[in-house]
Every structure is written in C-alpha cells, then in structure tokens.
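Note sheet for the following structure.
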Amino acid sequence: MTRAHTVVLLSLLTTFLFLASASVFRDTPTRDEYRHYKYGEKILQLDPKRDDAVYDSKMPISALNAIPWKIVKVAGWDSWITDLAIKRFAGPNPDAETVRKVTKYVPMLTGKVVTMFFGVILAGLVFQWARELYGIESGLVSLSFYVLSPNILANANLVTVDLYAALVVTLALYLYWKFLNLGGAKWTALSALSLGIAQLAKYTCLLLYPIFLLIAAIRISITGLQAKDWKIRLSPQRLRRALTTSLWFVLLSLVVINIGFVFSDTFTPLGKYRFRSSRLQAVQDRFSSLGFLPVPVPYPYFDGIDYVAYHEETGSSYGQVYLLGKSAPRGHGFPGYYFVAALYKTPLAAQIMFWAALVMYLANVRREDFARNELFLLLPIAFFTIYFNFFFQAQMGMRFFIVVLPLCHVFMGYPFRNWDRIGKSYKRALGILLGYQIVSVLSYCPHFLSYFNELVPDRKMAYKILADSNLDWGQSQWYLGRYRALHPEAIVSPPSPVAGTIVVSVNDVVGIGDPDAYRWLRENFKPTETIAYSYLVYEVSPEALAQVLHVHP
C-alpha cells in the first residue's frame with residue numbers, strides 16, 4: 001500500500017469518526033438505548049436474567065458499552081465527569097429535573113464511544129475484504145460508500161446492538177470465506193468462534209446458521225458438477241470431515257453462548273420453560289413427551305428468542321407498522337417493507353453503484369469465481385432481504401436492515417477491480433457518484449437517522465413514506481426544547497384539536513401508537529416546517545379548525 005493509499009484510508013476513517021460523533025452532544029438517547037445500557041450493566045454484574053420485560057431481547061454484547069463508565073467509577077472520576085457534563089449541557093443554574101436527565105445520560109455518553117470504535121472496526125473490515133477481493137483501490141471505493149452511509153452513521157453512535165449486528169455478520173461471513181477457501185485449523189477456529197460471538201449480538205444472527213449451510217451446499221454443487229468430482233466430494237471420508245467440522249461449529253457456538261450468558265440456568269428442561277409466544281408454546285406442546293430433555297443454552301438466551309417471537313406476533317413492543325400512509329394491524333408488517341425503506345433511505349448514488357456492480361458482475365461471472373468469492377456476499381444479501389421483507393413483522397425501521405449494508409459496500413468495489421485499466425469515463429462517473437452522495441448525506445448532518453434521499457424532494461413530507469425509527473426514535477428532544485424556547489407560544493402534543501402553532505412528533509401524527517389521536521391534524525393540515533425532521537410544525541388558524549370540526553364533529 002502506497003503512502004497515498006494510506007493517507008486516503010486514514011482520511012476516510014477520520015471522516016467516519018467525525019460524522020458519527022456529529023450528533024452525540026445534541027441528540028437525546030433513543031427509546032431503546034437506556035435499556036440496552038442497563039442490560040449491559042447486568043451482564044457485568046454476571047446477572048443475565050430477563051427479570052423485567054424491559055430487558056426482553058437485549059444482548060450481552062451491550063456490556064461493551066457499559067465498560068467505560070465502570071472504569072470511570074473505579075478510577076473515581078464519575079463525579080468530576082458528571083459535573084462537567086452538567087455545566088456543558090444544563091447551563092449555569094439547571095433545575096433538578098435537568099440535572100437528573102444529564103446525570104442519567106453521562107454513562108451512556110461514554111458507552112457511545114465504544115460503538116463508534118466498533119464502527120471504525122467495521123469500516124476497516126469492509127476495506128480489507130474488498131481489498132482482498134478486488135484490489136486496494138476497490139477497497140477504498142467500498143470504504144468511501146461505507147463512510148458516507150447515513151444508515152450506518154445513524155447507528156454508529158448509539159448504545160444499541162444494530163451496528164454490532166452488522167459488524168459480527170460481516171466478520172462471520174468474511175472468516176467463513178477464508179475458512180472455505182484456505183482451510184486449516186486457524187481459519188476453522190476463527191470462523192466457528194465468530195459464528196458463536198455473533199449470537200451474543202442480536203437474534204438476527206441466528207440466520208447465519210442456515211446461510212452458512214446454504215453457502216456450503218451451493219459451493220459443493222457448483223464446484224462438483226462433474227460425476228467424478230461428485231464421487232470424490234461425497235466420499236465417506238469427506239462427509240465425516242464435513243460432519244465433524246459442523247459439529248465443532250455448533251459446539252463452539254454453544255460454549256460461546258453459555259459464556260456470554262454466564263451459564264445462567266443452562267440445561268433447564270424444555271418442559272420447565274414458560275413461553276409467551278404461540279409458536280414456541282406449540283413446539284413445547286408437540287414435544288411434551290421430551291420435556292425432560294435439558295436445553296444446552298442458558299435460560300435467558302432462549303427466553304430472549306421467545307420474547308422476539310412474542311413481540312412479532314402481538315406487536316406489543318412497537319405499535320403499528322407504518323408504510324406509505326397506511327398502518328398494518330398490530331403484529332403484522334408489510335410485504336416488501338424494506339424494498340420501500342431502502343429505496344427512500346439509501347443514497348441514490350449508492351443504489352446506482354450497487355446495481356451497476358451487479359449488472360457488470362452478472363455479465364462476466366464464472367461459476368467457479370462465484371462459488372469462491374461473491375457467493376459469500378450475494379447469498380446473504382438475498383437471504384436477509386427476503387427474510388426482512390416477507391417473514392419479519394417488527395418492521396420499525398432501517399436499523400434492522402443495516403446488516404446487509406456492509407456486504408453491499410464490499411461488493412460495490414467490484415467494478416474497480418482493475419483500476420489501472422479502467423477508463424477515465426468510469427473514474428469520472430465514480431467521482432460524480434461520490435460527490436453526489438457527499439452532498440446528499442451531509443445535507444442532513446447531523447440528523448443521519450432521519451435521512452431520506454432525493455426521491456422525497458420536500459423533507460417535511462417524508463412522514464408520508466415512513467415513520468418510527470426512520471424519522472423519530474426520541475433522539476430530537478433537545479432540538480424540541482430549543483424550538484420551544486424560541487417559540488413559547490407553540491403548543492406541543494395537544495390532547496385535543498386546538499388552533500395555533502402546533503408541534504407533534506412524526507410518530508404521533510401518523511398514529512403508530514394511537515391512530516385516532518391526531519387524525520384531525522393528519523387528514524386536514526400540512527406541516528409548515530420540521531424540527532430536526534422528527535417533529536412536525538403546523539399553523540392551524542381558528543377558521544380552519546372550525547371548518548374541520550364542523551365537517552368532522
């Protein structure tokens with residue numbers, strides 16, 4: 001790698017850190033962050049039990065976010081740092097409630113640094129994988145699109161598990177790629193270990209098991225098409241080796257899961273589980289005769305799977321899914337939800353780059369090359385896309401779907417694999433796309449969570465497409481407070497129809513929690529501005545309100 005390459009690489013990583021931290025000192029904690037943080041504290045206390053529904057599906061990896069404040073407290077710096085934060089955020093004469101909020105926020109602020117650090121690790125992984133596949137210039141192209149991904153940036157400073165999930169999925173697939181191509185004890189152990197660690201990040205990572213099996217099956221079918229190859233590849237010796245390796249992967253996963261959940265009630269008999277979801281209850285009833293069998297994972301791990309299934313069935317933790325002006329019944333999503341979400345919330349330049357790479361790849365693909373390399377990218381992208389669009393019901397935002405983005409970014413390096421032989425027109429097109437993405441993404445800075453591309457020309461109307469954590473995840477309360485200070489006449493979240501300057505959160509306007517609460521506002525008025533894209537401001541005149549109430553008494 002030349003000095004120029006090193007300078008570009010370090011510049012991109014520094015840019016990522018700068019952009020990821022841009023909103024840290026203004027955004028308030030999202031609705032889930034405190035719960036993730038508290039569960040991380042529980043893990044550090046060796047208590048992974050989900051003794052409260054607030055910890056439903058939280059995962060041990062959140063302990064990473066709780067470590068910095070633990071160190072600060074041990075060092076005795078907690079009071080000093082808290083006092084500095086109160087002076088910085090609350091001003092010279094804060095009231096008791098403001099002090100309480102800042103004091104509660106400071107530990108999570110230190111935890112955000114950890115997520116940003118792992119966001120940089122993921123950036124390096126994207127660069128390295130694309131570099132190994134297509135060359136160093138392609139690695140830098142892939143990294144550039146990663147650094148300018150608003151959906152990655154939006155989650156890279158949160159005390160949640162979505163960024164971690166994207167990291168461990170990418171890492172597990174990268175190491176599996178190394179294992180199947182290079183073999184050897186080192187890559188076998190690293191691949192199996194990464195698969196186990198992924199299970200401590202998010203339950204979405206359970207899908208890595210069928211993905212791994214599919215990759216192996218497709219790889220065998222492609223590379224062993226000739227009859228004589230089939231006889232060799234399906235020989236008893238090879239089958240025994242494959243079975244032994246698979247068992248090692250499973251056993252190591254079980255060991256890692258048990259360590260992560262500190263062996264809490266491991267080997268609890270199946271019959272003693274108290275499931276909430278109808279699916280797991282049905283499984284338990286069907287195999288009631290085997291209820292004495294011990295389950296080789298900690299109780300909180302299996303309990304979390306049950307919570308996930310229960311929430312998907314009932315919608316109890318997320319309200320109604322909203323898409324294109326319509327709300328689905330509780331416990332149901334929309335087929336194709338993430339096709340729409342990705343269309344509007346992924347920068348258009350990145351979409352063009354991905355589809356161009358795919359078209360170019362399909363025009364030149366060879367079966368052997370596909371089985372050796374791109375299978376590890378394209379199959380997981382397709383698998384996760386199908387799952388989230390047609391089998392996942394808790395469709396609350398793009399944050400769930402970001403597990404595919406690093407894989408897409410790696411693949412975007414494909415068109416530039418022969419950099420020295422690429423014509424000027426290709427390089428000029430790349431420059432235009434990157435320039436376009438820079439302008440598009442930075443125009444939302446620091447509100448990356450609320451990013452929509454130019455298919456939504458009027459940003460005030462983005463709520464017509466999507467809501468929930470796509471726009472408002474509770475992160476913009478500081479901006480609301482500033483607006484109220486400048487506009488004391490504004491009426492925030494009125495309980496009934498009223499005239500004046502009305503401010504209501506996007507989620508309340510579209511009716512995610514209560515579809516009827518703001519129907520009068522949603523169906524009769526258009527917002528005149530937004531507050532950090534999360535709150536909508538309406539100017540409702542007495543005459544217009546009287547007309548609405550007359551038509552809809």
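Residue names in the structure tokens use chain letters A, B, ... in the order shown, residue numbers from 1 in each chain, and ligand numbers from 1 in the order shown.
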
Task: DSSP alpha helix (DSSP H) selection over stretch 22-184 of chain A, as a PyMOL selection string - done: chain A and resi 33-44+63-75+78-90+96-134+136-147+150-155+162-182

Open item on the list: Need the shell around stretch 501-508 of chain A: protein/DNA/RNA residues with any atom at most 6 Å away, counting only C-alpha atoms. Skip same-chain ones fewer than 2 positions apart. Format as a ChimeraX atom specification?
Closed with: /A:468,490-493,510-512,534-539

Selected residues, N, CA and C atoms, written as a PDB file, in the first residue's frame, please.
```pdb
ATOM      1  N   ASP A 468     -41.639   5.979  12.537  1.00  0.00           N
ATOM      2  CA  ASP A 468     -40.952   5.210  13.581  1.00  0.00           C
ATOM      3  C   ASP A 468     -39.474   5.576  13.604  1.00  0.00           C
ATOM      4  N   ALA A 490     -45.851  28.042  21.041  1.00  0.00           N
ATOM      5  CA  ALA A 490     -46.131  26.762  20.394  1.00  0.00           C
ATOM      6  C   ALA A 490     -46.806  25.796  21.359  1.00  0.00           C
ATOM      7  N   ILE A 491     -47.751  25.051  20.821  1.00  0.00           N
ATOM      8  CA  ILE A 491     -48.490  24.055  21.610  1.00  0.00           C
ATOM      9  C   ILE A 491     -47.979  22.677  21.199  1.00  0.00           C
ATOM     10  N   VAL A 492     -47.356  21.984  22.135  1.00  0.00           N
ATOM     11  CA  VAL A 492     -46.738  20.699  21.838  1.00  0.00           C
ATOM     12  C   VAL A 492     -47.673  19.559  22.237  1.00  0.00           C
ATOM     13  N   SER A 493     -47.947  18.693  21.290  1.00  0.00           N
ATOM     14  CA  SER A 493     -48.760  17.490  21.517  1.00  0.00           C
ATOM     15  C   SER A 493     -50.068  17.795  22.233  1.00  0.00           C
ATOM     16  N   VAL A 510     -48.712  10.210  12.523  1.00  0.00           N
ATOM     17  CA  VAL A 510     -49.145   9.095  11.664  1.00  0.00           C
ATOM     18  C   VAL A 510     -49.933   8.050  12.426  1.00  0.00           C
ATOM     19  N   GLY A 511     -49.921   8.110  13.767  1.00  0.00           N
ATOM     20  CA  GLY A 511     -50.769   7.227  14.551  1.00  0.00           C
ATOM     21  C   GLY A 511     -50.188   5.861  14.839  1.00  0.00           C
ATOM     22  N   ILE A 512     -48.881   5.788  15.032  1.00  0.00           N
ATOM     23  CA  ILE A 512     -48.278   4.487  15.343  1.00  0.00           C
ATOM     24  C   ILE A 512     -48.794   3.942  16.669  1.00  0.00           C
ATOM     25  N   SER A 534     -37.945  15.285  13.048  1.00  0.00           N
ATOM     26  CA  SER A 534     -38.644  14.346  13.920  1.00  0.00           C
ATOM     27  C   SER A 534     -39.984  14.884  14.419  1.00  0.00           C
ATOM     28  N   TYR A 535     -40.106  16.206  14.452  1.00  0.00           N
ATOM     29  CA  TYR A 535     -41.343  16.844  14.881  1.00  0.00           C
ATOM     30  C   TYR A 535     -41.876  17.683  13.725  1.00  0.00           C
ATOM     31  N   LEU A 536     -43.182  17.681  13.577  1.00  0.00           N
ATOM     32  CA  LEU A 536     -43.841  18.454  12.529  1.00  0.00           C
ATOM     33  C   LEU A 536     -44.518  19.671  13.143  1.00  0.00           C
ATOM     34  N   VAL A 537     -44.368  20.800  12.480  1.00  0.00           N
ATOM     35  CA  VAL A 537     -44.954  22.056  12.952  1.00  0.00           C
ATOM     36  C   VAL A 537     -46.093  22.440  12.016  1.00  0.00           C
ATOM     37  N   TYR A 538     -47.251  22.722  12.597  1.00  0.00           N
ATOM     38  CA  TYR A 538     -48.441  23.102  11.829  1.00  0.00           C
ATOM     39  C   TYR A 538     -48.909  24.480  12.289  1.00  0.00           C
ATOM     40  N   GLU A 539     -49.392  25.258  11.336  1.00  0.00           N
ATOM     41  CA  GLU A 539     -50.057  26.525  11.661  1.00  0.00           C
ATOM     42  C   GLU A 539     -51.550  26.331  11.426  1.00  0.00           C
TER      43      GLU A 539
END
```

Task: Point-to-point distance from atom CA of A:Leu12 to atom CA of A:Leu153, Å rounded to tenths - done: 13.1 Å

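The smallest atom-to-atom distance between A:Phe145 and any of A:Met461, A:Val159, A:Leu405, A:Val498, using only C-alpha atoms, is found for A:Leu405.
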
Task: Selection near A:Ala499, 7 Å with only C-alpha atoms, sequence-local residues under 2 positions removed, as a ChimeraX atom specification - done: /A:540-542,545

Task: Selection: 12 Å around A:Ala394, only C-alpha atoms, excl. self and same-chain fewer than 3 positions, as a PyMOL selection string - done: chain A and resi 308-322+328-335+337-338+387-391+397-401+468-469

How about saving the chosen residues, C-alpha atoms kept, as an mmCIF file, in the first residue's frame?
```cif
data_model
loop_
_atom_site.group_PDB
_atom_site.id
_atom_site.type_symbol
_atom_site.label_atom_id
_atom_site.label_comp_id
_atom_site.auth_asym_id
_atom_site.auth_seq_id
_atom_site.Cartn_x
_atom_site.Cartn_y
_atom_site.Cartn_z
ATOM 1 C CA VAL A 308 -38.716 -11.783 19.974
ATOM 2 C CA ALA A 309 -41.314 -14.248 18.685
ATOM 3 C CA TYR A 310 -43.951 -12.910 21.089
ATOM 4 C CA HIS A 311 -43.376 -9.281 20.108
ATOM 5 C CA GLU A 312 -43.579 -10.173 16.421
ATOM 6 C CA GLU A 313 -46.873 -11.979 16.979
ATOM 7 C CA THR A 314 -48.520 -9.286 19.058
ATOM 8 C CA GLY A 315 -46.744 -6.040 18.200
ATOM 9 C CA SER A 316 -46.756 -5.338 21.947
ATOM 10 C CA SER A 317 -43.396 -3.591 21.961
ATOM 11 C CA TYR A 318 -43.609 -1.493 18.810
ATOM 12 C CA GLY A 319 -47.157 -0.483 17.967
ATOM 13 C CA GLN A 320 -48.427 -0.470 14.406
ATOM 14 C CA VAL A 321 -46.080 -0.749 11.445
ATOM 15 C CA TYR A 322 -46.457 2.256 9.142
ATOM 16 C CA ALA A 328 -50.732 -2.550 9.456
ATOM 17 C CA PRO A 329 -52.679 -4.333 12.219
ATOM 18 C CA ARG A 330 -50.677 -4.968 15.356
ATOM 19 C CA GLY A 331 -48.413 -7.971 14.994
ATOM 20 C CA HIS A 332 -48.280 -7.636 11.207
ATOM 21 C CA GLY A 333 -45.916 -5.960 8.794
ATOM 22 C CA PHE A 334 -45.981 -5.121 5.108
ATOM 23 C CA PRO A 335 -44.603 -7.492 2.465
ATOM 24 C CA TYR A 337 -41.453 -3.001 3.536
ATOM 25 C CA TYR A 338 -37.671 -2.915 3.258
ATOM 26 C CA TYR A 387 -36.391 -12.615 5.334
ATOM 27 C CA PHE A 388 -36.872 -8.986 6.386
ATOM 28 C CA ASN A 389 -39.315 -8.224 3.585
ATOM 29 C CA PHE A 390 -41.555 -11.280 3.833
ATOM 30 C CA PHE A 391 -41.046 -13.054 7.167
ATOM 31 C CA GLY A 397 -37.002 0.998 10.674
ATOM 32 C CA MET A 398 -33.923 0.619 8.514
ATOM 33 C CA ARG A 399 -31.820 -0.155 11.591
ATOM 34 C CA PHE A 400 -32.763 -3.828 11.340
ATOM 35 C CA PHE A 401 -31.737 -3.988 7.696
ATOM 36 C CA ASP A 468 -40.952 5.210 13.581
ATOM 37 C CA SER A 469 -37.159 4.952 13.940
#
```

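With only C-alpha atoms as the basis for measurement, A:Ile220 is the residue among A:Ile220, A:Val72, A:Asn157, A:Tyr34 that approaches A:Arg238 most closely.
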
Open item on the list: Which residues are near A:Lys178? Cut-off 10 Å, only C-alpha atoms, ignore same chain within fewer than 3 positions. Put them as a list in words.
Closed with: Ala172, Leu173, Tyr174, Leu175, Asn181, Leu182, Gly183, Gly184, Lys186, Trp187, Thr188, Leu190, Ser191, Arg372 and Asn373 of chain A

Output file for the residues above (C-alpha atoms, as a short mmCIF file (atom, residue, chain, number, x, y, z; two decimals), in the first residue's frame):
```
data_model
loop_
_atom_site.label_atom_id
_atom_site.label_comp_id
_atom_site.auth_asym_id
_atom_site.auth_seq_id
_atom_site.Cartn_x
_atom_site.Cartn_y
_atom_site.Cartn_z
CA ALA A 172 -18.53 -14.14 10.43
CA LEU A 173 -19.04 -14.23 6.66
CA TYR A 174 -15.54 -12.91 5.99
CA LEU A 175 -13.96 -15.57 8.20
CA ASN A 181 -11.10 -21.09 0.63
CA LEU A 182 -8.00 -21.65 2.72
CA GLY A 183 -8.94 -24.34 5.22
CA GLY A 184 -6.65 -25.07 8.12
CA LYS A 186 -6.67 -21.37 12.30
CA TRP A 187 -9.45 -20.34 9.92
CA THR A 188 -11.70 -23.14 11.14
CA LEU A 190 -11.76 -18.27 13.90
CA SER A 191 -14.80 -18.90 11.71
CA ARG A 372 -15.13 -18.94 -4.34
CA ASN A 373 -15.94 -15.30 -3.61
#
```

Open item on the list: Can you tell me which residues surround stretch 439-455 of chain A at a distance of at most 6 Å, considering only C-alpha atoms, apart from same-chain residues fewer than 3 positions away, and format the answer as a ChimeraX atom specification?
Closed with: /A:22-23,150,154,344-345,347,436,470-471

Output file for the selection above: C-alpha atoms, as an mmCIF file, in the first residue's frame:
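Contents of selection.cif, freshly written:
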```
data_model
loop_
_atom_site.group_PDB
_atom_site.id
_atom_site.type_symbol
_atom_site.label_atom_id
_atom_site.label_comp_id
_atom_site.auth_asym_id
_atom_site.auth_seq_id
_atom_site.Cartn_x
_atom_site.Cartn_y
_atom_site.Cartn_z
ATOM 1 C CA ALA A 22 -21.536 14.894 14.992
ATOM 2 C CA SER A 23 -24.842 14.343 16.766
ATOM 3 C CA PRO A 150 -26.340 7.622 6.592
ATOM 4 C CA ALA A 154 -27.089 6.892 12.357
ATOM 5 C CA TYR A 344 -36.031 6.030 0.001
ATOM 6 C CA LYS A 345 -33.442 5.884 2.790
ATOM 7 C CA PRO A 347 -28.491 7.383 -1.034
ATOM 8 C CA TYR A 436 -23.460 13.428 -5.194
ATOM 9 C CA ASN A 470 -36.781 6.010 10.321
ATOM 10 C CA LEU A 471 -37.528 9.572 11.474
#
```

Task: Long-range neighbours of A:Lys42 as an NGL selection string, 12 Å cut-off, only C-alpha atoms, 4 positions minimum in chain - done: :A and (35-38 or 46-52 or 55 or 58-67 or 70 or 260-262)

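With distances restricted to only C-alpha atoms, A:Leu324 is the closest residue to A:Val340 from A:Leu324, A:Leu252, A:Ala546, A:Phe354.
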
- [ ] Measuring atom to atom with only C-alpha atoms, identify which of A:Pro406, A:Pro68, A:Gly413, A:Gly336 is nearest to A:Leu167.
- [x]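 The answer is A:Pro406, which sits nearest to A:Leu167.
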
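In this comparison, which uses only C-alpha atoms, the residue of A:Ile465, A:Leu213, A:Met116, A:Leu44 approaching A:Ala341 most closely is A:Ile465.
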
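You can rank A:Gly119, A:Gly431, A:Gly196, A:Pro415 by their closest distance to A:Ala20 using only C-alpha atoms, and at the top of that list sits A:Gly119.
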